[in-house]
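K.L.:
Structure supplied as final-v4.cif; contents: mmCIF, C-alpha atoms.
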```
data_protein
loop_
_atom_site.label_atom_id
_atom_site.label_comp_id
_atom_site.auth_asym_id
_atom_site.auth_seq_id
_atom_site.Cartn_x
_atom_site.Cartn_y
_atom_site.Cartn_z
CA MET A 1 109.86 79.75 97.03
CA ILE A 2 109.79 83.39 95.92
CA VAL A 3 107.08 85.42 97.62
CA ALA A 4 106.07 88.98 96.70
CA VAL A 5 104.65 91.52 99.13
CA PRO A 6 103.41 95.04 98.19
CA ALA A 7 105.52 97.48 100.23
CA GLU A 8 105.16 101.08 101.31
CA GLU A 9 108.95 101.35 101.81
CA LYS A 10 112.00 99.36 100.77
CA SER A 11 112.44 97.66 104.14
CA LEU A 12 111.35 94.38 105.70
CA ASP A 13 110.05 96.49 108.60
CA SER A 14 107.76 98.37 106.21
CA ALA A 15 104.01 98.15 106.41
CA ILE A 16 102.37 96.22 103.63
CA SER A 17 100.75 98.53 101.10
CA LEU A 18 96.96 98.43 101.28
CA SER A 19 96.73 98.64 97.49
CA PHE A 20 98.27 95.84 95.46
CA GLY A 21 98.34 97.61 92.09
CA ARG A 22 99.26 101.04 93.46
CA ALA A 23 101.94 99.88 95.91
CA PRO A 24 105.13 101.95 95.52
CA HIS A 25 107.35 98.85 95.73
CA TYR A 26 107.30 95.08 95.99
CA CYS A 27 109.45 92.98 98.26
CA LEU A 28 110.60 89.74 96.66
CA TYR A 29 111.62 87.30 99.36
CA ASP A 30 113.37 84.01 98.62
CA THR A 31 112.44 81.60 101.41
CA LYS A 32 115.18 79.12 100.48
CA ALA A 33 118.06 81.62 100.41
CA GLN A 34 116.41 83.83 103.08
CA THR A 35 117.17 86.94 101.04
CA SER A 36 115.03 89.86 99.97
CA ARG A 37 115.16 92.48 97.29
CA PHE A 38 112.84 95.30 96.37
CA ILE A 39 111.59 96.38 92.98
CA ASP A 40 109.74 99.57 92.11
CA ASN A 41 106.19 99.41 90.82
CA THR A 42 106.40 101.09 87.43
CA ALA A 43 102.59 100.88 87.07
CA VAL A 44 101.85 102.94 90.18
CA ASP A 45 101.01 106.13 88.24
CA GLN A 46 99.11 104.53 85.37
CA GLU A 47 95.63 105.97 84.80
CA GLY A 48 94.14 102.50 84.53
CA GLY A 49 95.20 98.87 84.60
CA ALA A 50 97.85 99.35 87.29
CA GLY A 51 96.95 96.09 88.99
CA ILE A 52 97.14 94.09 85.77
CA GLN A 53 100.52 95.60 84.89
CA ALA A 54 101.83 95.02 88.41
CA ALA A 55 100.60 91.42 88.35
CA GLN A 56 102.34 90.78 85.02
CA LYS A 57 105.58 92.34 86.30
CA LEU A 58 105.51 90.03 89.33
CA ALA A 59 104.63 87.02 87.18
CA ASP A 60 107.67 87.88 85.04
CA GLN A 61 109.75 87.70 88.24
CA HIS A 62 108.63 84.04 88.57
CA ILE A 63 107.10 84.47 92.01
CA ASP A 64 105.35 81.52 93.65
CA ALA A 65 103.12 83.43 96.06
CA LEU A 66 101.77 86.91 96.75
CA ILE A 67 100.90 88.15 100.23
CA THR A 68 98.39 91.00 100.00
CA PHE A 69 95.34 92.44 101.72
CA ARG A 70 93.25 92.50 98.56
CA CYS A 71 93.50 91.91 94.86
CA GLY A 72 91.38 92.89 91.89
CA GLU A 73 89.72 90.28 89.73
CA ASN A 74 91.80 90.98 86.60
CA SER A 75 95.08 91.04 88.55
CA ALA A 76 94.11 87.77 90.23
CA LYS A 77 93.47 86.19 86.81
CA VAL A 78 96.97 87.15 85.62
CA LEU A 79 98.56 85.80 88.80
CA LYS A 80 96.54 82.58 88.85
CA ALA A 81 97.42 81.96 85.19
CA ALA A 82 101.06 82.19 86.27
CA LYS A 83 100.30 79.67 89.05
CA VAL A 84 100.88 82.22 91.83
CA THR A 85 99.25 81.42 95.17
CA LEU A 86 97.38 84.39 96.70
CA LEU A 87 97.70 84.67 100.48
CA LYS A 88 95.86 87.04 102.82
CA ALA A 89 98.15 89.50 104.58
CA LEU A 90 98.04 90.16 108.28
CA ASN A 91 98.00 93.76 109.49
CA LEU A 92 101.70 93.67 110.32
CA SER A 93 105.08 94.37 108.73
CA ILE A 94 106.47 92.55 105.72
CA ALA A 95 108.86 90.62 108.00
CA ASP A 96 105.99 89.51 110.26
CA ASN A 97 104.00 88.29 107.26
CA ILE A 98 106.98 86.36 105.91
CA SER A 99 107.42 84.80 109.35
CA SER A 100 103.75 83.80 109.32
CA LEU A 101 104.21 82.33 105.84
CA LEU A 102 107.13 80.22 107.08
CA ASP A 103 105.02 79.12 110.08
CA HIS A 104 102.22 78.12 107.66
CA THR A 105 99.69 80.39 109.40
CA LEU A 106 98.67 82.54 106.43
CA VAL A 107 95.45 81.61 104.68
CA GLU A 108 94.52 81.79 101.04
CA LEU A 109 93.09 85.09 99.82
CA THR A 110 89.61 84.24 98.59
CA ASP A 111 88.00 87.69 98.65
CA VAL A 112 88.95 88.99 95.21
CA HIS A 113 87.11 92.20 94.36
CA PRO A 114 85.86 93.34 90.93
CA GLY A 115 88.57 96.01 90.75
CA TYR A 116 88.61 99.74 90.52
CA HIS A 117 88.00 100.55 86.88
CA HIS A 118 88.41 104.28 86.91
CA ALA A 119 91.20 106.78 86.42
CA ARG A 120 93.21 107.71 89.41
#
```
Please express what this file holds, its structure, as structure tokens.

P.N.:
Amino acid sequence: MIVAVPAEEKSLDSAISLSFGRAPHYCLYDTKAQTSRFIDNTAVDQEGGAGIQAAQKLADQHIDALITFRCGENSAKVLKAAKVTLLKALNLSIADNISSLLDHTLVELTDVHPGYHHAR
């Protein structure tokens, strides 16, 4: 399984970014190979639609799940269309959240908000 996590820094010890679409980076963790890599969020400085662009970029990476604190409605639609499971992040590091994923203690993210439809 490939899981994505919005990251403040390019480190497994990094805090998870509070904003999915405006996260500086994304950690892509392969649970089978137990490897991680980080990609930059090229949509971070977009005036609008950053979440949708970020969601499409992650869908193009063929992720299976996303661990995040919150997700906008339009981003969630893109991810769900790509059959990505949305999981609610814990207020811990990326590594701690991945550990919780492997322990099957993360729950589905059900609180999808309408989004922030304004320029940054």

K.L.:
To one decimal in Å, tell me the separation between atom CA of A:Gly48 and atom CA of A:Leu66.

P.N.:
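Computing the Euclidean distance for atom CA of A:Gly48 and atom CA of A:Leu66 yields 21.2 Å.
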
K.L.:
Would you kindly translate the PyMOL selection byres ((chain A and resi 26) around 6) into the concrete residues it picks from this file, as a PyMOL selection string?

P.N.:
chain A and resi 5-7+25+27+38-39

K.L.:
Which distance in Å separates atom CA of A:Ile52 and atom CA of A:Thr68, to one decimal?

P.N.:
14.6 Å

K.L.:
Skipping near chain neighbours, those fewer than 2 positions away, what residues fall within 12 Å of A:Val3 using all atoms listed in the file, listed as a ChimeraX atom specification?

P.N.:
/A:1,5-6,26-38,58-59,61-68,84-87,94-95,97-99,101-102

K.L.:
What would the file look like if the residues just selected were written as an mmCIF file, keeping the file's coordinate frame with C-alpha atoms?

P.N.:
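Saved as again39.cif:
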```cif
data_model
loop_
_atom_site.group_PDB
_atom_site.id
_atom_site.type_symbol
_atom_site.label_atom_id
_atom_site.label_comp_id
_atom_site.auth_asym_id
_atom_site.auth_seq_id
_atom_site.Cartn_x
_atom_site.Cartn_y
_atom_site.Cartn_z
ATOM 1 C CA MET A 1 109.860 79.750 97.030
ATOM 2 C CA VAL A 5 104.650 91.520 99.130
ATOM 3 C CA PRO A 6 103.410 95.040 98.190
ATOM 4 C CA TYR A 26 107.300 95.080 95.990
ATOM 5 C CA CYS A 27 109.450 92.980 98.260
ATOM 6 C CA LEU A 28 110.600 89.740 96.660
ATOM 7 C CA TYR A 29 111.620 87.300 99.360
ATOM 8 C CA ASP A 30 113.370 84.010 98.620
ATOM 9 C CA THR A 31 112.440 81.600 101.410
ATOM 10 C CA LYS A 32 115.180 79.120 100.480
ATOM 11 C CA ALA A 33 118.060 81.620 100.410
ATOM 12 C CA GLN A 34 116.410 83.830 103.080
ATOM 13 C CA THR A 35 117.170 86.940 101.040
ATOM 14 C CA SER A 36 115.030 89.860 99.970
ATOM 15 C CA ARG A 37 115.160 92.480 97.290
ATOM 16 C CA PHE A 38 112.840 95.300 96.370
ATOM 17 C CA LEU A 58 105.510 90.030 89.330
ATOM 18 C CA ALA A 59 104.630 87.020 87.180
ATOM 19 C CA GLN A 61 109.750 87.700 88.240
ATOM 20 C CA HIS A 62 108.630 84.040 88.570
ATOM 21 C CA ILE A 63 107.100 84.470 92.010
ATOM 22 C CA ASP A 64 105.350 81.520 93.650
ATOM 23 C CA ALA A 65 103.120 83.430 96.060
ATOM 24 C CA LEU A 66 101.770 86.910 96.750
ATOM 25 C CA ILE A 67 100.900 88.150 100.230
ATOM 26 C CA THR A 68 98.390 91.000 100.000
ATOM 27 C CA VAL A 84 100.880 82.220 91.830
ATOM 28 C CA THR A 85 99.250 81.420 95.170
ATOM 29 C CA LEU A 86 97.380 84.390 96.700
ATOM 30 C CA LEU A 87 97.700 84.670 100.480
ATOM 31 C CA ILE A 94 106.470 92.550 105.720
ATOM 32 C CA ALA A 95 108.860 90.620 108.000
ATOM 33 C CA ASN A 97 104.000 88.290 107.260
ATOM 34 C CA ILE A 98 106.980 86.360 105.910
ATOM 35 C CA SER A 99 107.420 84.800 109.350
ATOM 36 C CA LEU A 101 104.210 82.330 105.840
ATOM 37 C CA LEU A 102 107.130 80.220 107.080
#
```

K.L.:
Could you spell out the hits of the PyMOL selection byres ((chain A and resi 92) around 9) on the shown file, as an MDAnalysis selection string?

P.N.:
chainID A and resid 13:16 89:91 93:97

K.L.:
From the options A:Asp45, A:Asp40, A:Asp111, A:Glu9, which residue's atoms come nearest to A:Ala76, counting only C-alpha atoms?

P.N.:
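Closest candidate: A:Asp111.
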
K.L.:
Have a look at atom CA of A:Ala82 and atom CA of A:Ser11 and let me know their distance in Å, one decimal.

P.N.:
26.2 Å

K.L.:
Just checking: using all atoms listed in the file, which residue out of A:Ser19, A:Leu12, A:Val107, A:Ala4 ends up closest to A:Lys57?

P.N.:
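When distances to A:Lys57 are compared using all atoms listed in the file, the smallest one comes from A:Ala4.
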
K.L.:
Could you pull stretch 60-109 of chain A out of the structure just shown and give N, CA and C atoms as a short mmCIF file (atom, residue, chain, number, x, y, z; two decimals), in the first residue's frame?

P.N.:
```
data_model
loop_
_atom_site.label_atom_id
_atom_site.label_comp_id
_atom_site.auth_asym_id
_atom_site.auth_seq_id
_atom_site.Cartn_x
_atom_site.Cartn_y
_atom_site.Cartn_z
N ASP A 60 -2.12 10.68 -9.30
CA ASP A 60 -1.20 10.28 -10.37
C ASP A 60 -0.03 9.45 -9.84
N GLN A 61 0.23 9.54 -8.54
CA GLN A 61 1.27 8.74 -7.89
C GLN A 61 0.75 7.36 -7.49
N HIS A 62 -0.53 7.10 -7.77
CA HIS A 62 -1.18 5.82 -7.50
C HIS A 62 -1.18 5.48 -6.01
N ILE A 63 -1.49 6.48 -5.18
CA ILE A 63 -1.56 6.21 -3.75
C ILE A 63 -2.84 5.44 -3.43
N ASP A 64 -2.81 4.72 -2.32
CA ASP A 64 -3.97 3.94 -1.88
C ASP A 64 -4.71 4.64 -0.75
N ALA A 65 -3.98 5.46 0.02
CA ALA A 65 -4.58 6.13 1.17
C ALA A 65 -3.90 7.48 1.40
N LEU A 66 -4.64 8.37 2.03
CA LEU A 66 -4.13 9.68 2.43
C LEU A 66 -4.43 9.86 3.91
N ILE A 67 -3.40 10.20 4.68
CA ILE A 67 -3.58 10.54 6.09
C ILE A 67 -3.50 12.06 6.19
N THR A 68 -4.58 12.68 6.67
CA THR A 68 -4.63 14.14 6.74
C THR A 68 -5.58 14.57 7.85
N PHE A 69 -5.41 15.81 8.31
CA PHE A 69 -6.31 16.34 9.33
C PHE A 69 -7.65 16.73 8.74
N ARG A 70 -7.60 17.29 7.53
CA ARG A 70 -8.83 17.76 6.89
C ARG A 70 -8.62 17.78 5.39
N CYS A 71 -9.74 17.80 4.69
CA CYS A 71 -9.70 17.76 3.23
C CYS A 71 -10.92 18.49 2.70
N GLY A 72 -10.71 19.29 1.66
CA GLY A 72 -11.82 19.99 1.03
C GLY A 72 -12.67 19.05 0.20
N GLU A 73 -13.89 19.46 0.00
CA GLU A 73 -14.87 18.66 -0.73
C GLU A 73 -14.39 18.30 -2.15
N ASN A 74 -13.88 19.28 -2.89
CA ASN A 74 -13.45 19.02 -4.27
C ASN A 74 -12.21 18.13 -4.31
N SER A 75 -11.29 18.32 -3.38
CA SER A 75 -10.11 17.45 -3.30
C SER A 75 -10.54 16.03 -2.98
N ALA A 76 -11.47 15.90 -2.03
CA ALA A 76 -11.96 14.59 -1.64
C ALA A 76 -12.62 13.87 -2.82
N LYS A 77 -13.34 14.61 -3.66
CA LYS A 77 -13.97 14.00 -4.84
C LYS A 77 -12.92 13.43 -5.79
N VAL A 78 -11.84 14.18 -6.01
CA VAL A 78 -10.76 13.71 -6.89
C VAL A 78 -10.14 12.44 -6.30
N LEU A 79 -9.85 12.47 -5.01
CA LEU A 79 -9.22 11.31 -4.36
C LEU A 79 -10.14 10.10 -4.33
N LYS A 80 -11.40 10.31 -4.01
CA LYS A 80 -12.34 9.18 -3.97
C LYS A 80 -12.55 8.58 -5.35
N ALA A 81 -12.55 9.42 -6.39
CA ALA A 81 -12.67 8.91 -7.76
C ALA A 81 -11.47 8.02 -8.11
N ALA A 82 -10.33 8.31 -7.49
CA ALA A 82 -9.12 7.51 -7.71
C ALA A 82 -9.05 6.34 -6.73
N LYS A 83 -10.12 6.14 -5.97
CA LYS A 83 -10.23 5.05 -5.00
C LYS A 83 -9.19 5.14 -3.87
N VAL A 84 -8.93 6.38 -3.44
CA VAL A 84 -8.01 6.64 -2.33
C VAL A 84 -8.82 6.70 -1.04
N THR A 85 -8.39 5.97 -0.03
CA THR A 85 -9.02 5.98 1.27
C THR A 85 -8.51 7.19 2.06
N LEU A 86 -9.42 7.96 2.64
CA LEU A 86 -9.06 9.13 3.45
C LEU A 86 -9.08 8.74 4.92
N LEU A 87 -7.94 8.96 5.58
CA LEU A 87 -7.80 8.61 6.99
C LEU A 87 -7.50 9.85 7.82
N LYS A 88 -8.07 9.91 9.02
CA LYS A 88 -7.89 11.06 9.90
C LYS A 88 -6.55 10.96 10.62
N ALA A 89 -5.75 12.02 10.47
CA ALA A 89 -4.44 12.09 11.11
C ALA A 89 -4.56 12.31 12.61
N LEU A 90 -3.57 11.80 13.31
CA LEU A 90 -3.41 12.08 14.73
C LEU A 90 -2.45 13.26 14.85
N ASN A 91 -2.50 13.97 15.94
CA ASN A 91 -1.66 15.15 16.12
C ASN A 91 -0.24 14.74 16.52
N LEU A 92 0.41 14.01 15.63
CA LEU A 92 1.75 13.47 15.88
C LEU A 92 2.58 13.59 14.61
N SER A 93 3.76 13.01 14.63
CA SER A 93 4.64 13.05 13.46
C SER A 93 4.13 12.13 12.35
N ILE A 94 4.74 12.28 11.19
CA ILE A 94 4.41 11.39 10.08
C ILE A 94 4.68 9.94 10.48
N ALA A 95 5.85 9.68 11.07
CA ALA A 95 6.21 8.32 11.48
C ALA A 95 5.19 7.73 12.45
N ASP A 96 4.73 8.53 13.40
CA ASP A 96 3.74 8.05 14.37
C ASP A 96 2.42 7.70 13.68
N ASN A 97 2.03 8.51 12.70
CA ASN A 97 0.79 8.24 11.97
C ASN A 97 0.92 6.98 11.12
N ILE A 98 2.07 6.78 10.51
CA ILE A 98 2.29 5.56 9.73
C ILE A 98 2.25 4.34 10.65
N SER A 99 2.83 4.46 11.82
CA SER A 99 2.78 3.38 12.80
C SER A 99 1.34 3.08 13.19
N SER A 100 0.55 4.11 13.40
CA SER A 100 -0.87 3.93 13.73
C SER A 100 -1.62 3.28 12.57
N LEU A 101 -1.26 3.65 11.35
CA LEU A 101 -1.87 3.01 10.18
C LEU A 101 -1.57 1.52 10.18
N LEU A 102 -0.32 1.16 10.42
CA LEU A 102 0.08 -0.25 10.42
C LEU A 102 -0.57 -1.03 11.57
N ASP A 103 -0.88 -0.31 12.67
CA ASP A 103 -1.56 -0.93 13.81
C ASP A 103 -3.08 -0.94 13.63
N HIS A 104 -3.55 -0.40 12.52
CA HIS A 104 -4.99 -0.33 12.20
C HIS A 104 -5.77 0.50 13.22
N THR A 105 -5.16 1.58 13.73
CA THR A 105 -5.85 2.41 14.72
C THR A 105 -6.31 3.76 14.16
N LEU A 106 -5.99 4.05 12.90
CA LEU A 106 -6.51 5.28 12.29
C LEU A 106 -7.93 5.05 11.84
N VAL A 107 -8.73 6.09 11.89
CA VAL A 107 -10.12 5.99 11.46
C VAL A 107 -10.31 6.78 10.16
N GLU A 108 -11.38 6.46 9.48
CA GLU A 108 -11.69 7.15 8.23
C GLU A 108 -11.99 8.63 8.50
N LEU A 109 -11.53 9.48 7.60
CA LEU A 109 -11.82 10.91 7.67
C LEU A 109 -13.20 11.12 7.06
#
```
